[in-house]
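*Asks:* Contents of entry.csv (CSV, C-alpha atoms) are given next:
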chain,number,residue,atom,x,y,z
A,255,MET,CA,-16.0,13.4,-10.8
A,256,VAL,CA,-15.0,9.9,-11.5
A,257,ASP,CA,-17.4,7.3,-13.0
A,258,THR,CA,-19.4,5.2,-10.6
A,259,VAL,CA,-18.0,1.7,-10.1
A,260,LEU,CA,-20.6,-0.8,-8.9
A,261,ASP,CA,-19.3,-4.3,-9.8
A,262,GLU,CA,-16.1,-6.1,-9.1
A,263,ASP,CA,-15.1,-6.6,-12.7
A,264,LYS,CA,-15.2,-2.8,-13.3
A,265,LEU,CA,-13.4,-2.2,-10.0
A,266,VAL,CA,-10.5,-4.5,-11.1
A,267,GLU,CA,-10.4,-2.9,-14.5
A,268,ARG,CA,-10.2,0.6,-12.9
A,269,LEU,CA,-7.4,-0.6,-10.5
A,270,THR,CA,-5.3,-2.2,-13.2
A,271,SER,CA,-5.7,0.3,-16.1
A,272,PRO,CA,-2.4,2.1,-16.5
A,273,SER,CA,-2.3,5.8,-16.9
A,274,ASP,CA,-0.3,7.7,-19.5
A,275,ARG,CA,2.2,8.4,-16.8
A,276,ASP,CA,2.5,4.7,-16.0
A,277,VAL,CA,3.1,3.9,-19.7
A,278,ALA,CA,5.8,6.6,-19.9
A,279,ALA,CA,7.5,5.1,-16.8
A,280,ALA,CA,7.2,1.6,-18.1
A,281,SER,CA,8.9,2.6,-21.3
A,282,LYS,CA,12.0,3.5,-19.3
A,283,LEU,CA,12.3,0.1,-17.6
A,284,GLU,CA,15.3,-1.9,-18.6
A,285,GLY,CA,14.2,-5.4,-18.2
A,286,ASP,CA,11.8,-7.5,-16.1
A,287,VAL,CA,9.9,-6.5,-12.9
A,288,ILE,CA,9.7,-9.0,-10.1
A,289,ILE,CA,7.2,-8.5,-7.3
A,290,LEU,CA,8.1,-10.3,-4.0
A,291,GLY,CA,5.0,-11.0,-1.9
A,292,ALA,CA,2.5,-10.3,-4.6
A,293,GLY,CA,-0.3,-12.3,-3.1
A,294,GLY,CA,-1.8,-9.7,-0.7
A,295,LYS,CA,-4.7,-7.2,-1.2
A,296,MET,CA,-2.6,-4.9,-3.4
A,297,GLY,CA,-0.2,-7.2,-5.2
A,298,PRO,CA,-2.4,-8.7,-7.9
A,299,SER,CA,-3.7,-5.4,-9.2
A,300,LEU,CA,-0.2,-3.9,-9.0
A,301,ALA,CA,1.2,-6.8,-11.0
A,302,VAL,CA,-1.4,-6.5,-13.7
A,303,ARG,CA,-1.2,-2.7,-13.9
A,304,VAL,CA,2.5,-2.9,-14.4
A,305,GLY,CA,2.2,-5.7,-17.0
A,306,ARG,CA,-0.4,-3.7,-18.9
A,307,ALA,CA,1.7,-0.6,-18.8
A,308,ILE,CA,4.7,-2.5,-20.2
A,309,GLN,CA,2.5,-4.0,-22.9
A,310,LYS,CA,1.2,-0.5,-23.9
A,311,ALA,CA,4.8,0.8,-24.0
A,312,GLY,CA,5.4,-1.9,-26.7
A,313,LEU,CA,8.0,-3.8,-24.6
A,314,LYS,CA,8.4,-7.5,-23.9
A,315,HIS,CA,9.6,-7.3,-20.3
A,316,ARG,CA,8.0,-9.8,-18.0
A,317,VAL,CA,6.2,-9.1,-14.7
A,318,ILE,CA,7.0,-11.9,-12.3
A,319,ALA,CA,4.7,-12.2,-9.3
A,320,VAL,CA,6.2,-14.3,-6.4
A,321,VAL,CA,3.7,-15.8,-4.0
A,322,ARG,CA,3.8,-18.5,-1.5
A,323,LYS,CA,0.8,-20.1,-3.1
A,324,ASP,CA,-1.8,-18.9,-5.6
A,325,LYS,CA,-4.4,-20.5,-3.4
A,326,ASP,CA,-7.4,-18.6,-4.7
A,327,GLY,CA,-6.3,-18.8,-8.4
A,328,VAL,CA,-6.1,-15.0,-8.5
A,329,PHE,CA,-3.2,-15.0,-10.9
A,330,GLY,CA,-4.7,-17.7,-13.1
A,331,LYS,CA,-7.2,-15.1,-14.4
A,332,VAL,CA,-4.4,-12.7,-15.4
A,333,SER,CA,-1.8,-14.9,-16.8
A,334,GLY,CA,-1.6,-12.9,-20.0
A,335,HIS,CA,0.0,-10.1,-18.1
A,336,VAL,CA,1.9,-11.8,-15.3
A,337,THR,CA,4.2,-14.8,-14.8
A,338,VAL,CA,3.6,-16.5,-11.4
A,339,VAL,CA,6.3,-18.1,-9.3
A,340,GLU,CA,5.4,-19.9,-6.1
A,341,ALA,CA,8.1,-19.9,-3.5
A,342,ASP,CA,8.4,-19.9,0.3
A,343,LEU,CA,10.7,-16.9,0.8
A,344,LEU,CA,11.1,-17.6,4.5
A,345,ASP,CA,13.2,-20.5,3.3
A,346,PRO,CA,16.5,-19.0,2.0
A,347,LYS,CA,16.5,-21.7,-0.7
A,348,GLY,CA,13.3,-20.1,-2.0
A,349,PHE,CA,15.3,-17.3,-3.4
A,350,ASP,CA,17.4,-19.7,-5.4
A,351,THR,CA,14.4,-20.5,-7.6
A,352,LEU,CA,13.8,-16.9,-8.6
A,353,PRO,CA,14.9,-15.4,-11.9
A,354,ASP,CA,17.1,-12.3,-12.1
A,355,ALA,CA,15.3,-9.0,-12.6
A,356,PRO,CA,16.7,-5.5,-12.7
A,357,ASN,CA,13.5,-4.1,-11.1
A,358,VAL,CA,12.2,-5.4,-7.8
A,359,VAL,CA,9.2,-4.6,-5.7
A,360,PHE,CA,9.4,-5.9,-2.1
A,361,MET,CA,5.8,-6.3,-0.7
A,362,VAL,CA,6.4,-9.1,1.7
A,363,GLY,CA,5.0,-8.2,5.1
A,364,ARG,CA,3.0,-9.3,8.1
A,365,LYS,CA,0.7,-6.9,10.0
A,366,PHE,CA,-2.6,-8.3,11.1
A,367,GLY,CA,-2.2,-11.0,13.6
A,368,SER,CA,1.4,-9.9,14.1
A,369,VAL,CA,1.1,-9.9,17.9
A,370,ASP,CA,0.0,-13.6,17.9
A,371,ASP,CA,3.4,-14.7,16.7
A,372,LEU,CA,6.0,-12.0,17.1
A,373,PRO,CA,9.0,-14.1,16.1
A,374,LEU,CA,7.3,-14.8,12.7
A,375,THR,CA,6.4,-11.2,12.4
A,376,TRP,CA,10.1,-10.1,12.8
A,377,ALA,CA,11.3,-12.9,10.5
A,378,THR,CA,8.8,-11.9,7.8
A,379,ASN,CA,9.2,-8.1,8.1
A,380,ALA,CA,13.0,-7.9,8.8
A,381,TRP,CA,15.1,-11.0,8.3
A,382,LEU,CA,13.4,-11.8,4.9
A,383,ALA,CA,14.3,-8.3,3.7
A,384,GLY,CA,18.0,-9.1,4.2
A,385,LEU,CA,17.6,-12.3,2.1
A,386,ALA,CA,15.9,-10.3,-0.7
A,387,ALA,CA,18.4,-7.4,-0.6
A,388,ARG,CA,21.3,-9.9,-0.8
A,389,ARG,CA,19.7,-11.8,-3.7
A,390,PHE,CA,19.0,-8.7,-5.7
A,391,LEU,CA,22.1,-6.6,-4.9
A,392,GLY,CA,22.4,-5.2,-8.5
A,393,SER,CA,18.7,-4.4,-8.9
A,394,ARG,CA,16.6,-1.3,-8.2
A,395,ILE,CA,14.3,-2.0,-5.3
A,396,VAL,CA,11.1,-0.3,-4.3
A,397,ALA,CA,10.6,-1.6,-0.8
A,398,PHE,CA,7.1,-1.2,0.7
A,399,SER,CA,7.0,0.3,4.2
A,400,THR,CA,4.3,2.0,6.2
A,401,GLY,CA,3.5,5.4,7.8
A,402,ASN,CA,3.3,3.4,11.1
A,403,VAL,CA,7.1,3.9,11.5
A,404,TYR,CA,6.3,7.5,12.4
A,405,PRO,CA,5.2,8.8,15.8
A,406,PHE,CA,1.7,10.2,16.3
A,407,VAL,CA,1.9,13.9,15.4
A,408,SER,CA,-0.3,16.9,16.1
A,409,VAL,CA,-3.5,17.0,14.2
A,410,ASP,CA,-2.8,20.7,13.5
A,411,THR,CA,0.1,19.8,11.2
A,412,ARG,CA,0.1,18.3,7.7
A,413,GLY,CA,1.6,15.1,9.2
A,414,ALA,CA,5.0,13.5,9.5
A,415,ASN,CA,7.3,14.1,6.5
A,416,GLU,CA,10.2,12.2,5.2
A,417,LYS,CA,12.6,14.0,7.6
A,418,THR,CA,10.5,13.2,10.7
A,419,THR,CA,12.5,10.9,13.1
A,420,ALA,CA,11.0,7.4,13.1
A,421,ALA,CA,9.5,6.4,16.4
A,422,PRO,CA,7.4,3.2,15.8
A,423,LEU,CA,4.9,2.2,18.4
A,424,GLY,CA,4.5,-1.6,18.9
A,425,GLU,CA,6.4,-4.5,17.5
A,426,TYR,CA,4.7,-4.6,14.1
A,427,ALA,CA,6.0,-1.0,13.3
A,428,GLN,CA,9.3,-1.7,15.0
A,429,SER,CA,9.8,-4.7,12.7
A,430,VAL,CA,9.0,-2.7,9.6
A,431,LEU,CA,11.5,-0.1,10.7
A,432,ALA,CA,14.0,-2.9,11.0
A,433,ARG,CA,13.2,-3.9,7.4
A,434,GLU,CA,13.9,-0.3,6.3
A,435,ARG,CA,17.3,-0.3,8.1
A,436,ILE,CA,18.3,-3.5,6.5
A,437,PHE,CA,17.5,-2.2,3.0
A,438,GLU,CA,19.4,1.0,3.9
A,439,TYR,CA,22.4,-1.0,5.0
A,440,PHE,CA,22.5,-2.9,1.7
A,441,SER,CA,21.9,0.3,-0.3
A,442,LYS,CA,24.8,2.0,1.5
A,443,THR,CA,27.2,-0.9,1.5
A,444,TYR,CA,26.6,-2.4,-1.9
A,445,ARG,CA,25.2,0.7,-3.7
A,446,THR,CA,21.9,-1.0,-4.4
A,447,PRO,CA,19.4,1.7,-5.5
A,448,VAL,CA,16.5,1.6,-3.1
A,449,LEU,CA,13.2,3.6,-2.5
A,450,LEU,CA,11.4,3.1,0.8
A,451,PHE,CA,7.7,3.3,0.0
A,452,ARG,CA,5.9,4.5,3.2
A,453,LEU,CA,2.3,3.8,2.3
A,454,ASN,CA,-0.9,4.6,4.4
A,455,TYR,CA,-3.7,3.9,4.0
A,456,ALA,CA,-4.7,2.3,0.6
A,457,VAL,CA,-8.4,1.7,-0.2
A,458,ASP,CA,-10.0,-0.1,-3.1
A,459,LEU,CA,-13.8,-0.1,-2.2
A,460,ARG,CA,-13.7,-3.7,-1.0
A,461,TYR,CA,-11.6,-2.8,2.0
A,462,GLY,CA,-10.0,0.2,3.7
A,463,VAL,CA,-10.6,3.0,6.2
A,464,LEU,CA,-13.5,4.6,4.3
A,465,LEU,CA,-15.3,1.3,4.1
A,466,ASP,CA,-14.7,0.6,7.8
A,467,ILE,CA,-16.4,3.9,8.7
A,468,CYS,CA,-19.2,3.4,6.2
A,469,GLU,CA,-20.1,0.0,7.5
A,470,LYS,CA,-20.1,1.3,11.1
A,471,VAL,CA,-22.4,4.2,10.1
A,472,PHE,CA,-24.8,1.8,8.5
A,473,SER,CA,-24.8,-0.8,11.3
A,474,GLY,CA,-25.0,1.8,14.1
A,475,GLU,CA,-21.7,0.4,15.6
A,476,PRO,CA,-19.9,3.0,17.7
A,477,ILE,CA,-17.3,5.0,15.9
A,478,ASP,CA,-14.3,5.8,18.1
A,479,LEU,CA,-13.2,9.3,17.5
A,480,THR,CA,-10.0,9.1,19.6
A,481,THR,CA,-8.1,8.7,16.4
A,482,GLY,CA,-10.0,11.5,14.7
A,483,PHE,CA,-8.0,12.1,11.5
A,484,VAL,CA,-6.6,9.9,8.8
A,485,ASN,CA,-5.0,9.8,5.4
A,486,VAL,CA,-6.2,7.6,2.6
A,487,ILE,CA,-5.2,6.9,-1.1
A,488,TRP,CA,-6.9,5.1,-3.9
A,489,GLN,CA,-5.1,1.8,-4.4
A,490,GLY,CA,-4.9,2.4,-8.1
A,491,ASP,CA,-2.9,5.6,-7.4
A,492,ALA,CA,-0.7,3.7,-5.0
A,493,ASN,CA,0.0,1.1,-7.8
A,494,SER,CA,0.9,3.9,-10.2
A,495,TYR,CA,3.2,5.6,-7.7
A,496,CYS,CA,5.0,2.2,-7.1
A,497,LEU,CA,5.8,1.8,-10.8
A,498,ARG,CA,6.9,5.4,-11.2
A,499,ALA,CA,9.0,5.2,-8.0
A,500,PHE,CA,11.6,3.1,-9.8
A,501,ALA,CA,12.9,6.4,-11.2
A,502,LEU,CA,13.5,7.6,-7.6
A,503,CYS,CA,15.6,4.6,-6.4
A,504,GLU,CA,19.0,5.8,-5.2
A,505,SER,CA,22.0,4.8,-3.1
A,506,PRO,CA,21.8,5.7,-0.2
A,507,ALA,CA,18.2,4.7,0.0
A,508,GLN,CA,15.5,7.3,-0.4
A,509,VAL,CA,12.2,7.6,1.5
A,510,LEU,CA,8.8,8.6,0.1
A,511,ASN,CA,5.5,9.1,1.9
A,512,VAL,CA,2.7,7.7,-0.3
A,513,THR,CA,-0.9,8.8,0.7
A,514,GLY,CA,-3.5,11.3,-0.2
A,515,LEU,CA,-3.0,15.0,0.1
A,516,LYS,CA,-5.9,15.7,2.5
A,517,LYS,CA,-6.2,15.1,6.2
A,518,LEU,CA,-9.7,13.6,6.7
A,519,SER,CA,-11.8,14.1,9.7
A,520,VAL,CA,-13.3,10.7,10.8
A,521,ARG,CA,-16.3,12.7,12.2
A,522,ASP,CA,-16.9,14.5,8.9
A,523,VAL,CA,-16.5,11.4,6.8
A,524,ALA,CA,-19.0,9.5,9.0
A,525,HIS,CA,-21.5,12.4,8.6
A,526,ARG,CA,-21.1,12.3,4.9
A,527,PHE,CA,-21.8,8.5,4.8
A,528,GLY,CA,-24.7,9.1,7.2
A,529,HIS,CA,-26.3,11.6,4.8
A,530,ARG,CA,-26.0,9.2,1.9
A,531,LEU,CA,-27.3,6.2,3.9
A,532,GLY,CA,-30.0,7.9,5.9
A,533,LYS,CA,-28.3,7.0,9.1
A,534,LYS,CA,-27.1,8.9,12.2
A,535,PRO,CA,-23.5,8.0,13.1
A,536,ASN,CA,-23.0,6.7,16.6
A,537,PHE,CA,-19.9,8.4,18.0
A,538,VAL,CA,-17.9,7.6,21.1
A,539,GLY,CA,-14.9,9.4,22.6
A,540,THR,CA,-13.5,12.7,21.4
A,541,GLU,CA,-10.7,13.6,19.0
A,542,SER,CA,-7.2,13.3,20.4
A,543,LYS,CA,-4.8,16.1,19.7
A,544,SER,CA,-2.5,13.6,17.8
A,545,ALA,CA,-2.9,11.0,15.1
A,546,LEU,CA,-0.9,8.9,12.7
A,547,LEU,CA,-0.7,11.3,9.7
A,548,SER,CA,1.7,11.5,6.8
A,549,ASP,CA,2.6,14.5,4.6
A,550,ALA,CA,2.7,13.3,1.0
A,551,SER,CA,3.5,16.7,-0.5
A,552,ARG,CA,7.0,15.5,-1.6
A,553,CYS,CA,5.4,12.6,-3.5
A,554,ALA,CA,3.0,15.0,-5.3
A,555,GLU,CA,5.9,17.3,-6.1
A,556,LEU,CA,8.0,14.5,-7.6
A,557,LEU,CA,5.3,12.3,-9.2
A,558,GLY,CA,2.2,14.5,-9.4
A,559,ALA,CA,-1.0,14.5,-7.4
A,560,PRO,CA,-3.2,11.3,-7.2
A,561,ASP,CA,-5.7,10.9,-10.0
A,562,ILE,CA,-8.6,10.3,-7.6
A,563,ASN,CA,-9.0,12.6,-4.6
A,564,GLU,CA,-10.4,11.9,-1.2
A,565,ASP,CA,-13.8,13.4,-1.9
A,566,GLU,CA,-14.2,11.2,-4.9
A,567,LEU,CA,-13.2,8.2,-2.9
A,568,ILE,CA,-15.8,8.9,-0.3
A,569,GLU,CA,-18.5,9.1,-3.0
A,570,MET,CA,-17.2,5.9,-4.7
A,571,THR,CA,-17.3,4.0,-1.4
A,572,ALA,CA,-20.8,5.2,-0.6
A,573,ASP,CA,-22.0,4.1,-4.1
A,574,TRP,CA,-20.3,0.8,-3.8
A,575,PHE,CA,-21.7,0.0,-0.3
A,576,SER,CA,-25.2,1.2,-1.3
A,577,ALA,CA,-25.2,-1.1,-4.3
A,578,GLY,CA,-24.2,-4.1,-2.2
A,579,GLY,CA,-20.7,-4.4,-3.5
A,580,VAL,CA,-18.6,-7.3,-2.2
A,581,THR,CA,-16.3,-6.6,0.7
A,582,LEU,CA,-13.3,-8.5,2.0
A,583,GLY,CA,-14.2,-8.4,5.7
A,584,LYS,CA,-10.7,-7.2,6.7
A,585,PRO,CA,-11.0,-4.1,8.9
A,586,THR,CA,-7.9,-1.9,8.9
A,587,LYS,CA,-7.9,-1.3,12.7
A,588,PHE,CA,-6.9,2.3,11.9
A,589,GLU,CA,-8.3,3.3,15.3
A,590,ARG,CA,-5.6,1.4,17.2
A,591,ARG,CA,-3.3,3.7,19.1
A,592,ASP,CA,-1.2,1.0,20.8
A,593,GLY,CA,0.5,-0.4,17.7
A,594,ASN,CA,-0.9,-3.9,18.3
A,595,PHE,CA,-2.5,-5.5,15.2
Mind turning the file's structure into structure tokens?

*Replies:*
Amino acid sequence: MVDTVLDEDKLVERLTSPSDRDVAAASKLEGDVIILGAGGKMGPSLAVRVGRAIQKAGLKHRVIAVVRKDKDGVFGKVSGHVTVVEADLLDPKGFDTLPDAPNVVFMVGRKFGSVDDLPLTWATNAWLAGLAARRFLGSRIVAFSTGNVYPFVSVDTRGANEKTTAAPLGEYAQSVLARERIFEYFSKTYRTPVLLFRLNYAVDLRYGVLLDICEKVFSGEPIDLTTGFVNVIWQGDANSYCLRAFALCESPAQVLNVTGLKKLSVRDVAHRFGHRLGKKPNFVGTESKSALLSDASRCAELLGAPDINEDELIEMTADWFSAGGVTLGKPTKFERRDGNF
């Protein structure tokens, strides 16, 4: 069982502490790492974790975090590990200001609110990918994607695997598939080594599917069981996989599902939270025969199992919530079955 985490400083420390596997991967990096779109929920902890791994490996490579604006001063607190560059990447000239780097993480994306401005969603998720691929033709690129590009699959299976034909529902997922196709085009045409990093769903206690369920159990808000099964992964493990995925970049581009190894029942998770919180979950609907599920067995085979498993994550989330831990107030909307976010 992992140690209890009850305050934000300890949480950030846990998310950004590199494992031995991370340090080993960092030792094989040949040059700087640049993270495009590092200002989201996951980017800051990823940047610091990679920076700390490089430092522990005894190397001098830089980690360059590219953000539109460090408006909350997040990176000002971690300047010892990360160099911050502010740039508007929707402006093609923004790429002219970026330094070269042999290792690129592409995290730029637009999901929540995507239906409110669909042209911006497509420009952010697809067109910008072409600008990045063109700018970094000679680099290795780990390009973040999502399990949303898959169709809903039977809940009696392990989930969609990397060979499952993409069938995205809704324009958000369609635009992400367009991003993938653009990276695949550049990888095939210019021999750029690429790894398409299909992630769902990362949690870090302050947000995520598990917290969404926990909050609803506590408040008595109805929990819709129509989407009755989910995958989750500790954000620290997702960070680790991203760093180690550089070794998997190839031409033509490769695909990797990144999530936990268990298929979680929303009903069972809610009952576990209810037991911890002394609350009875309020369910509506019944479990559909299909859900958005990903099979991450190939990731585990290539890079090893996650360090923190789903049962531990449930307990960590319950401890965090019970202790009044800070939350980001950003629901995942994992229940949506229409693809509109």

*Asks:* Between A:Glu416, A:Asp286, A:Asp371, A:Glu425, which residue has the minimum interatomic distance to Asp354 (chain A), considering all atoms listed in the file?

*Replies:* A:Asp286

*Asks:* Residues at most 6 Å from region 568-584 of chain A, counting all atoms listed in the file, excluding those fewer than 5 positions away in the same chain, as a list in words?

*Replies:*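 Result of the neighbour search: Leu260, Leu459, Arg460 and Tyr461 of chain A.
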
*Asks:* Please produce an output containing C-alpha atoms for each residue in the selection, written as a PDB file, in the coordinates of the input.

*Replies:*
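Output file selection-v7.pdb follows:
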ATOM      1  CA  LEU A 260     -20.600  -0.800  -8.900  1.00  0.00           C
ATOM      2  CA  LEU A 459     -13.800  -0.100  -2.200  1.00  0.00           C
ATOM      3  CA  ARG A 460     -13.700  -3.700  -1.000  1.00  0.00           C
ATOM      4  CA  TYR A 461     -11.600  -2.800   2.000  1.00  0.00           C
TER       5      TYR A 461
END

*Asks:* Write out as CSV the residues of region 455-524 of chain A that have any atom within 12 Å of an atom of region 296-313 of chain A, one row each with the nearest atom pair and its distance in Å to one decimal, counting only C-alpha atoms, sorted by chain and then rising number.

*Replies:*
residue,atom,partner,partner_atom,distance
A:Tyr455,CA,A:Met296,CA,11.6
A:Ala456,CA,A:Met296,CA,8.5
A:Val457,CA,A:Met296,CA,9.4
A:Asp458,CA,A:Met296,CA,8.8
A:Arg460,CA,A:Met296,CA,11.4
A:Tyr461,CA,A:Met296,CA,10.7
A:Gly462,CA,A:Met296,CA,11.5
A:Trp488,CA,A:Met296,CA,10.9
A:Gln489,CA,A:Met296,CA,7.2
A:Gly490,CA,A:Leu300,CA,7.9
A:Asp491,CA,A:Leu300,CA,10.0
A:Ala492,CA,A:Leu300,CA,8.6
A:Asn493,CA,A:Leu300,CA,5.1
A:Ser494,CA,A:Arg303,CA,7.9
A:Tyr495,CA,A:Leu300,CA,10.2
A:Cys496,CA,A:Leu300,CA,8.2
A:Leu497,CA,A:Val304,CA,6.8
A:Arg498,CA,A:Val304,CA,9.9
A:Phe500,CA,A:Val304,CA,11.8

*Asks:* Counting all atoms listed in the file, which of A:Lys470, A:His525, A:Lys534, A:Arg445 gets nearest to Pro506 (chain A)?

*Replies:*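 Among the listed residues, the smallest separation from Pro506 (chain A) belongs to A:Arg445.
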
*Asks:* Which residue is closest to Ser548 (chain A)? Choose from A:Val407, A:Ala421, A:Leu352, A:Val509 and count all atoms listed in the file.

*Replies:*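 Closest to Ser548 (chain A) of all the choices is A:Val407.
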
*Asks:* Which value, in Å to one decimal, gives the distance between CA of Asn415 (chain A) and CA of Leu518 (chain A)?

*Replies:*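 Going from CA of Asn415 (chain A) over to CA of Leu518 (chain A) covers 17.0 Å.
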
*Asks:* At what distance in Å, to one decimal, does CA of Asn379 (chain A) lie from CA of Gly363 (chain A)?

*Replies:* 5.2 Å

*Asks:* Interatomic distance between CA of Asn594 (chain A) and CA of Phe366 (chain A)?

*Replies:*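 These atoms are spaced 8.6 Å apart.
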
*Asks:* Of the candidates A:Glu340, A:Ser271, A:Glu589, A:Tyr426, which one gets nearest to Asp370 (chain A) if we count all atoms listed in the file?

*Replies:*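 Of A:Glu340, A:Ser271, A:Glu589, A:Tyr426, the one nearest Asp370 (chain A) is A:Tyr426, counting all atoms listed in the file.
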
*Asks:* Fewer than 3 positions away in the same chain doesn't count, so skip those; otherwise give me all residues within 12 Å of Asp561 (chain A), counting only C-alpha atoms, as an mmCIF file with C-alpha atoms, in the coordinates of the input.

*Replies:*
data_model
loop_
_atom_site.group_PDB
_atom_site.id
_atom_site.type_symbol
_atom_site.label_atom_id
_atom_site.label_comp_id
_atom_site.auth_asym_id
_atom_site.auth_seq_id
_atom_site.Cartn_x
_atom_site.Cartn_y
_atom_site.Cartn_z
ATOM 1 C CA MET A 255 -16.000 13.400 -10.800
ATOM 2 C CA VAL A 256 -15.000 9.900 -11.500
ATOM 3 C CA ARG A 268 -10.200 0.600 -12.900
ATOM 4 C CA LEU A 269 -7.400 -0.600 -10.500
ATOM 5 C CA PRO A 272 -2.400 2.100 -16.500
ATOM 6 C CA SER A 273 -2.300 5.800 -16.900
ATOM 7 C CA ASP A 274 -0.300 7.700 -19.500
ATOM 8 C CA ARG A 275 2.200 8.400 -16.800
ATOM 9 C CA ASP A 276 2.500 4.700 -16.000
ATOM 10 C CA ILE A 487 -5.200 6.900 -1.100
ATOM 11 C CA TRP A 488 -6.900 5.100 -3.900
ATOM 12 C CA GLN A 489 -5.100 1.800 -4.400
ATOM 13 C CA GLY A 490 -4.900 2.400 -8.100
ATOM 14 C CA ASP A 491 -2.900 5.600 -7.400
ATOM 15 C CA ALA A 492 -0.700 3.700 -5.000
ATOM 16 C CA ASN A 493 0.000 1.100 -7.800
ATOM 17 C CA SER A 494 0.900 3.900 -10.200
ATOM 18 C CA TYR A 495 3.200 5.600 -7.700
ATOM 19 C CA THR A 513 -0.900 8.800 0.700
ATOM 20 C CA GLY A 514 -3.500 11.300 -0.200
ATOM 21 C CA LEU A 515 -3.000 15.000 0.100
ATOM 22 C CA ALA A 554 3.000 15.000 -5.300
ATOM 23 C CA LEU A 557 5.300 12.300 -9.200
ATOM 24 C CA GLY A 558 2.200 14.500 -9.400
ATOM 25 C CA GLU A 564 -10.400 11.900 -1.200
ATOM 26 C CA ASP A 565 -13.800 13.400 -1.900
ATOM 27 C CA GLU A 566 -14.200 11.200 -4.900
ATOM 28 C CA LEU A 567 -13.200 8.200 -2.900
#

*Asks:* With only C-alpha atoms as the counted atoms, please give the residues lying no more than 12 Å from Leu556 (chain A), apart from itself and same-chain residues fewer than 2 positions off, as a ChimeraX atom specification.

*Replies:* /A:495,498-499,501-502,510-512,550-554,558-560

*Asks:* From the options A:Val396, A:Leu374, A:Ala545, A:Leu265, which residue's atoms come nearest to Val448 (chain A), counting all atoms listed in the file?

*Replies:*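 Among A:Val396, A:Leu374, A:Ala545, A:Leu265, it is A:Val396 that comes nearest to Val448 (chain A).
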
*Asks:* Determine, counting only C-alpha atoms, every residue of protein, DNA or RNA that lies within 12 Å of (6.1, -14.3, -6.4) in the file coordinates, then give the result as an MDAnalysis selection string.

*Replies:* chainID A and resid 287:294 297:298 301 317:324 329 336:343 348:349 351:353 358:362
